[in-house]
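Read the structure below first, then the notes.
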Amino acid sequence: MPDDYKFGIEEEFFLVDAETKSVTTTRPQAFFAAVKKEIGEQVTGEMLQSQMEIATLPHTDMASATAELKFLRQTVARVAAQHGLGILAAGTHPTAKWEESIQSPGERYDAVMHDLQITGQRNMLCGLHVHVELPQEEDRVDIMYRMLPYLPLFVALSTSSPFWQSRRTGMKGYRLAAYDELPRTGVPELFRKREEFDAYIEALTNAGIIDDSSYVWWAIRPSLKHPTLELRAPDSCTFVDDSVAIAALYRSLARMLCKNPLQNFNITAVTRALIVENKWRAQRYGIHGTFANEKGEGAITVPAMLEDVLEEAMPHAEALGCASELGRCRSIVGAGTSADAQLAVYEKHERKEGGELALSAVTDWLATATLQ
């Protein structure tokens with residue numbers, strides 16, 4: 001069907017020692033071969049050997065996508081356990097040291113790491129990516145442009161990176177603070193049409209800076225590999241249901257923007273500046289933060305913004321059959337994100353046992369919660 005808004009979900013994980021839950025510096029070839037034998041190309045390595053990614057097949061049904069995500073996580077975990085390993089789903093690993101990270105082999109990774117240097121080695125970070133295929137007549141760049149105001153909300157709902165190198169960062173989502181050190185990341189420029197995006201990519205490729213648009217790592221981008229618009233802002237979600245809820249929200253908003261071409265059509269430089277500020281506030285405070293708006297009405301809380309967005313998106317979620325999954329976004333706001341849970345575990349154990357054992361309790365919790 002031309003407007004079924006087919007979608008796929010990609011999740012990045014940390015590979016850890018099964019007993020200590022400490023991140024591994026190398027990805028054993030025997031393990032990687034075994035897991036590939038189980039699920040084929042739906043599992044891939046990442047730039048650093050401590051990371052890996054799973055990807056669902058394209059779906060039109062949220063229930064089947066949820067089942068596949070759970071199957072993929074369980075399969076990777078089962079094979080990992082046979083090799084003394086485990087997986088953690090979070091934006092950052094609480095105790096990993098980026099200085100000890102080792103690059104994965106490959107010509108692309110060699111070229112990227114040569115260009116990025118220390119910022120590439122610091123990329124010990126895991127995200128959630130959601131792809132949505134739009135109707136053929138839609139300009140993916142136009143929808144990307146009009147999706148920008150929602151980016152801070154996706155960040156707030158997904159925060160799972162409150163620790164970095166065995167320290168509390170004071171942020172709910174530290175991952176993007178580190179990730180946005182890289183070039184061509186963060187909130188996209190205000191390109192309104194495909195021609196503008198293509199001109200940008202052509203200028204960079206002609207200058208020999210990048211090979212193609214896959215080297216543009218914005219928080220949202222037109223995918224080169226797939227005919228989709230790819231959301232890249234969220235942290236890797238510890239709970240599968242959170243990943244699916246965010247995917248349902250993104251898919252519903254994509255349909256809403258396609259059906260309403262005047263929605264968010266007048267984004268300006270001021271709007272983008274506020275989006276950048278709100279993205280930071282989402283990283284800092286998560287669901288407990290407030291956002292600025294252009295209406296002169298003062299700050300709006302994340303729960304209030306979510307309710308406004310759900311009111312607009314729910315008819316489209318109902319049309320796509322994902323209303324219940326979309327409704328889980330309220331549960332995230334009510335119960336807290338993975339970052340909130342990690343901090344609660346840390347504080348409980350830190351009072352009794354000290355910081356080192358508290359961090360160990362957090363990694364134990366993450367290992368269990370990843371497979372719930």
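The chains in the structure tokens are called A, B, ... from first to last as shown; in each chain the residues are counted from 1, and the ligands are counted from 1 in the order shown.
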Got a sec: who's within 10 Å of Leu229 in chain A, counting only C-alpha atoms, leaving out chain neighbours fewer than 4 positions off, as a PyMOL selection string?
chain A and resi 7+130-134+139-141+143-144+220-224+251+254
For the residues in that selection, give me C-alpha atoms as a PDB file, in the first residue's frame.
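What follows is the written file selection.pdb:
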ATOM      1  CA  PHE A   7       8.821   0.969   9.515  1.00  0.00           C
ATOM      2  CA  VAL A 130      13.637   4.242  13.625  1.00  0.00           C
ATOM      3  CA  HIS A 131      13.027   4.149   9.863  1.00  0.00           C
ATOM      4  CA  VAL A 132       9.665   5.091   8.350  1.00  0.00           C
ATOM      5  CA  GLU A 133       8.888   4.735   4.654  1.00  0.00           C
ATOM      6  CA  LEU A 134       6.788   7.623   3.357  1.00  0.00           C
ATOM      7  CA  ASP A 139       9.669  14.727  -0.146  1.00  0.00           C
ATOM      8  CA  ARG A 140      11.597  13.170   2.738  1.00  0.00           C
ATOM      9  CA  VAL A 141      13.529  16.388   3.290  1.00  0.00           C
ATOM     10  CA  ILE A 143       9.002  15.918   6.267  1.00  0.00           C
ATOM     11  CA  MET A 144      12.378  15.993   8.044  1.00  0.00           C
ATOM     12  CA  ILE A 220      17.102  12.765  11.719  1.00  0.00           C
ATOM     13  CA  ARG A 221      18.053  12.227   8.090  1.00  0.00           C
ATOM     14  CA  PRO A 222      16.914  10.738   4.767  1.00  0.00           C
ATOM     15  CA  SER A 223      18.424   7.264   4.732  1.00  0.00           C
ATOM     16  CA  LEU A 224      20.753   6.424   1.868  1.00  0.00           C
ATOM     17  CA  ARG A 251       5.454   6.775  12.670  1.00  0.00           C
ATOM     18  CA  ALA A 254       5.185  11.068   9.986  1.00  0.00           C
TER      19      ALA A 254
END
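Secondary structure from DSSP on the backbone puts strand (DSSP E or B) at the following positions of range 76-135 of chain A: A:Leu85, A:Gly86, A:Ile87, A:Leu88, A:Gln103, A:Gly127, A:Leu128, A:His129, A:Val130, A:His131, A:Val132.
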Can you write just those residues out, N, CA and C atoms, as a JSON list (two decimals), in the first residue's frame?
[["chain", "number", "residue", "atom", "x", "y", "z"],
["A", 85, "LEU", "N", 29.39, -13.85, 27.51],
["A", 85, "LEU", "CA", 29.10, -12.44, 27.25],
["A", 85, "LEU", "C", 27.65, -12.13, 27.54],
["A", 86, "GLY", "N", 27.32, -10.84, 27.50],
["A", 86, "GLY", "CA", 25.96, -10.37, 27.64],
["A", 86, "GLY", "C", 25.79, -9.07, 26.88],
["A", 87, "ILE", "N", 24.57, -8.52, 26.90],
["A", 87, "ILE", "CA", 24.31, -7.25, 26.22],
["A", 87, "ILE", "C", 23.62, -6.29, 27.19],
["A", 88, "LEU", "N", 23.90, -5.00, 27.01],
["A", 88, "LEU", "CA", 23.23, -3.93, 27.76],
["A", 88, "LEU", "C", 22.65, -2.94, 26.76],
["A", 103, "GLN", "N", 38.79, 0.01, 17.74],
["A", 103, "GLN", "CA", 38.02, 0.14, 16.51],
["A", 103, "GLN", "C", 37.77, -1.22, 15.87],
["A", 127, "GLY", "N", 22.57, 4.07, 20.32],
["A", 127, "GLY", "CA", 21.32, 4.77, 20.04],
["A", 127, "GLY", "C", 20.23, 3.85, 19.52],
["A", 128, "LEU", "N", 19.06, 4.43, 19.41],
["A", 128, "LEU", "CA", 17.89, 3.79, 18.79],
["A", 128, "LEU", "C", 17.60, 4.53, 17.49],
["A", 129, "HIS", "N", 17.47, 3.79, 16.39],
["A", 129, "HIS", "CA", 17.14, 4.38, 15.10],
["A", 129, "HIS", "C", 15.81, 3.80, 14.60],
["A", 130, "VAL", "N", 14.93, 4.67, 14.15],
["A", 130, "VAL", "CA", 13.64, 4.24, 13.63],
["A", 130, "VAL", "C", 13.51, 4.74, 12.19],
["A", 131, "HIS", "N", 13.23, 3.82, 11.28],
["A", 131, "HIS", "CA", 13.03, 4.15, 9.86],
["A", 131, "HIS", "C", 11.54, 4.11, 9.56],
["A", 132, "VAL", "N", 11.04, 5.11, 8.83],
["A", 132, "VAL", "CA", 9.67, 5.09, 8.35],
["A", 132, "VAL", "C", 9.68, 5.40, 6.86]]
Taking only C-alpha atoms into account, produce a table as JSON lines in which each residue of range 287-338 of chain A with an atom at most 10 Å from an atom of range 262-272 of chain A appears once, together with its shortest atom pair and the distance in Å to one decimal, ordered by chain and rising number.
{"residue": "A:Ala292", "atom": "CA", "partner": "A:Thr271", "partner_atom": "CA", "distance": 9.9}
{"residue": "A:Asn293", "atom": "CA", "partner": "A:Thr271", "partner_atom": "CA", "distance": 8.2}
{"residue": "A:Glu294", "atom": "CA", "partner": "A:Thr271", "partner_atom": "CA", "distance": 7.2}
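For the residues A:Leu48, A:Val333, A:Leu157, A:Ala341, ranking by smallest atom-to-atom distance to Thr26 in chain A using only C-alpha atoms places A:Leu48 first.
The shell of residues at most 12 Å from Ser214 in chain A, with only C-alpha atoms counted and near chain neighbours (fewer than 4 positions) removed, consists of Arg108, Val112, Arg184, Thr185, Ile201, Leu204, Thr205, Ile210, Trp218, Ile220, Arg221, Pro222, Ser223, Leu224, Lys225, His226 and Glu230 of chain A.
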So which residues touch range 287-290 of chain A within 6 Å, counting only C-alpha atoms, skipping near sequence neighbours fewer than 5 positions away, as a PyMOL selection string?
chain A and resi 156+299-302
Dump N, CA and C atoms for the selected residues as an mmCIF file, in the first residue's frame?
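Done, and the output landed in part-v8.cif:
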data_model
loop_
_atom_site.group_PDB
_atom_site.id
_atom_site.type_symbol
_atom_site.label_atom_id
_atom_site.label_comp_id
_atom_site.auth_asym_id
_atom_site.auth_seq_id
_atom_site.Cartn_x
_atom_site.Cartn_y
_atom_site.Cartn_z
ATOM 1 N N ALA A 156 13.859 13.299 25.208
ATOM 2 C CA ALA A 156 13.411 13.228 26.605
ATOM 3 C C ALA A 156 12.831 11.856 26.944
ATOM 4 N N ALA A 299 7.361 28.566 29.593
ATOM 5 C CA ALA A 299 7.832 27.200 29.442
ATOM 6 C C ALA A 299 6.672 26.207 29.434
ATOM 7 N N ILE A 300 6.884 25.097 28.745
ATOM 8 C CA ILE A 300 5.919 23.995 28.739
ATOM 9 C C ILE A 300 6.639 22.742 29.235
ATOM 10 N N THR A 301 6.012 22.000 30.121
ATOM 11 C CA THR A 301 6.629 20.782 30.647
ATOM 12 C C THR A 301 6.617 19.687 29.586
ATOM 13 N N VAL A 302 7.493 18.713 29.755
ATOM 14 C CA VAL A 302 7.517 17.581 28.827
ATOM 15 C C VAL A 302 6.185 16.833 28.843
#
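Among the candidate residues A:Ala177, A:Leu306, A:Val155, A:Ala81, the one lying nearest to Arg330 in chain A is A:Leu306, with distances computed using only C-alpha atoms.
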Would you mind writing down, as a PyMOL selection string, each residue of range 224-319 of chain A that DSSP on the backbone assigns to alpha helix (DSSP H)?
chain A and resi 240-259+269-285+302-319
What separates CA of Gly354 in chain A and CA of Ala96 in chain A is a distance of 18.3 Å
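Here CA of Pro94 in chain A and CA of Glu46 in chain A stand 18.8 Å from one another.
Near range 355-359 of chain A, within 8 Å and counting only C-alpha atoms, sit A:Pro94, A:Thr95, A:Ser166, A:Val345, A:Tyr346, A:Glu347, A:Lys348, A:His349, A:Glu350; same-chain residues fewer than 5 positions away were not included.
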Just-selected residues, N, CA and C atoms written as a short mmCIF file (atom, residue, chain, number, x, y, z; two decimals), in the first residue's frame:
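Saved to part21.cif:
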data_model
loop_
_atom_site.label_atom_id
_atom_site.label_comp_id
_atom_site.auth_asym_id
_atom_site.auth_seq_id
_atom_site.Cartn_x
_atom_site.Cartn_y
_atom_site.Cartn_z
N PRO A 94 27.70 2.56 32.04
CA PRO A 94 28.04 3.35 33.22
C PRO A 94 29.53 3.41 33.57
N THR A 95 30.27 2.35 33.30
CA THR A 95 31.66 2.31 33.76
C THR A 95 32.68 2.18 32.63
N SER A 166 32.19 6.00 34.82
CA SER A 166 32.01 5.76 36.26
C SER A 166 31.65 7.01 37.05
N VAL A 345 18.54 3.20 41.28
CA VAL A 345 19.34 2.05 41.72
C VAL A 345 20.66 2.54 42.31
N TYR A 346 21.30 3.48 41.63
CA TYR A 346 22.58 3.99 42.10
C TYR A 346 22.44 4.62 43.49
N GLU A 347 21.46 5.48 43.65
CA GLU A 347 21.31 6.19 44.92
C GLU A 347 20.98 5.23 46.07
N LYS A 348 20.19 4.22 45.79
CA LYS A 348 19.86 3.24 46.82
C LYS A 348 21.11 2.53 47.33
N HIS A 349 21.97 2.11 46.41
CA HIS A 349 23.15 1.34 46.79
C HIS A 349 24.31 2.24 47.23
N GLU A 350 24.37 3.45 46.71
CA GLU A 350 25.48 4.34 47.06
C GLU A 350 25.46 4.70 48.53
#
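Closest approach to Glu100 in chain A from the set A:Leu253, A:Ile118, A:Ala367, A:Met314 is made by A:Ile118, with distances taken over only C-alpha atoms.
With CA of Lys172 in chain A on one side and CA of Ala63 in chain A on the other, the separation reads 28.8 Å.
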Within 6 Å of range 186-194 of chain A, counting only C-alpha atoms, which residues show up once you throw out same-chain ones fewer than 2 positions away? Write them as a VMD selection string, please.
chain A and resid 141 to 142 145 180 196 to 197 218 to 219
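Counting only C-alpha atoms, Gly40 in chain A has the following residues at most 12 Å away, ignoring those fewer than 5 positions along the same chain: Phe32, Ala33, Ala34, Val35, Ile54, Ala55, Thr56, Leu57, Leu72, Thr75 and Val76 of chain A.
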Once you have the residues from the selection above, write them out as a CSV table (one decimal), in the first residue's frame, restricted to N, CA and C atoms.
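Saved as result-v3.csv:
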chain,number,residue,atom,x,y,z
A,32,PHE,N,30.6,-13.5,17.1
A,32,PHE,CA,29.9,-12.8,16.1
A,32,PHE,C,29.5,-13.7,14.9
A,33,ALA,N,30.4,-14.7,14.6
A,33,ALA,CA,30.0,-15.7,13.6
A,33,ALA,C,28.8,-16.5,14.0
A,34,ALA,N,28.7,-16.9,15.3
A,34,ALA,CA,27.6,-17.7,15.8
A,34,ALA,C,26.3,-16.9,15.8
A,35,VAL,N,26.4,-15.7,16.1
A,35,VAL,CA,25.1,-14.9,16.2
A,35,VAL,C,24.7,-14.6,14.7
A,54,ILE,N,21.2,-4.6,16.2
A,54,ILE,CA,20.2,-5.5,15.6
A,54,ILE,C,19.2,-4.6,14.9
A,55,ALA,N,18.6,-5.2,13.8
A,55,ALA,CA,17.7,-4.5,13.0
A,55,ALA,C,16.5,-5.4,12.7
A,56,THR,N,15.3,-4.9,12.8
A,56,THR,CA,14.1,-5.7,12.5
A,56,THR,C,14.0,-5.6,10.9
A,57,LEU,N,13.2,-6.5,10.5
A,57,LEU,CA,12.7,-6.5,9.1
A,57,LEU,C,11.7,-5.3,9.0
A,72,LEU,N,15.0,-10.9,18.7
A,72,LEU,CA,16.4,-10.6,18.4
A,72,LEU,C,17.3,-10.3,19.6
A,75,THR,N,17.8,-13.8,21.3
A,75,THR,CA,18.7,-14.6,20.5
A,75,THR,C,20.2,-14.1,20.7
A,76,VAL,N,20.4,-12.8,20.5
A,76,VAL,CA,21.8,-12.3,20.7
A,76,VAL,C,22.3,-12.6,22.1
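Using only C-alpha atoms, the nearest neighbour of Ser104 in chain A within the list A:Ala344, A:Cys237, A:Met52, A:Leu69 is A:Met52.
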Judged by only C-alpha atoms, the minimum distance to Met147 in chain A among A:Leu257, A:Ala247, A:Leu182, A:Ile9 is found for A:Leu257
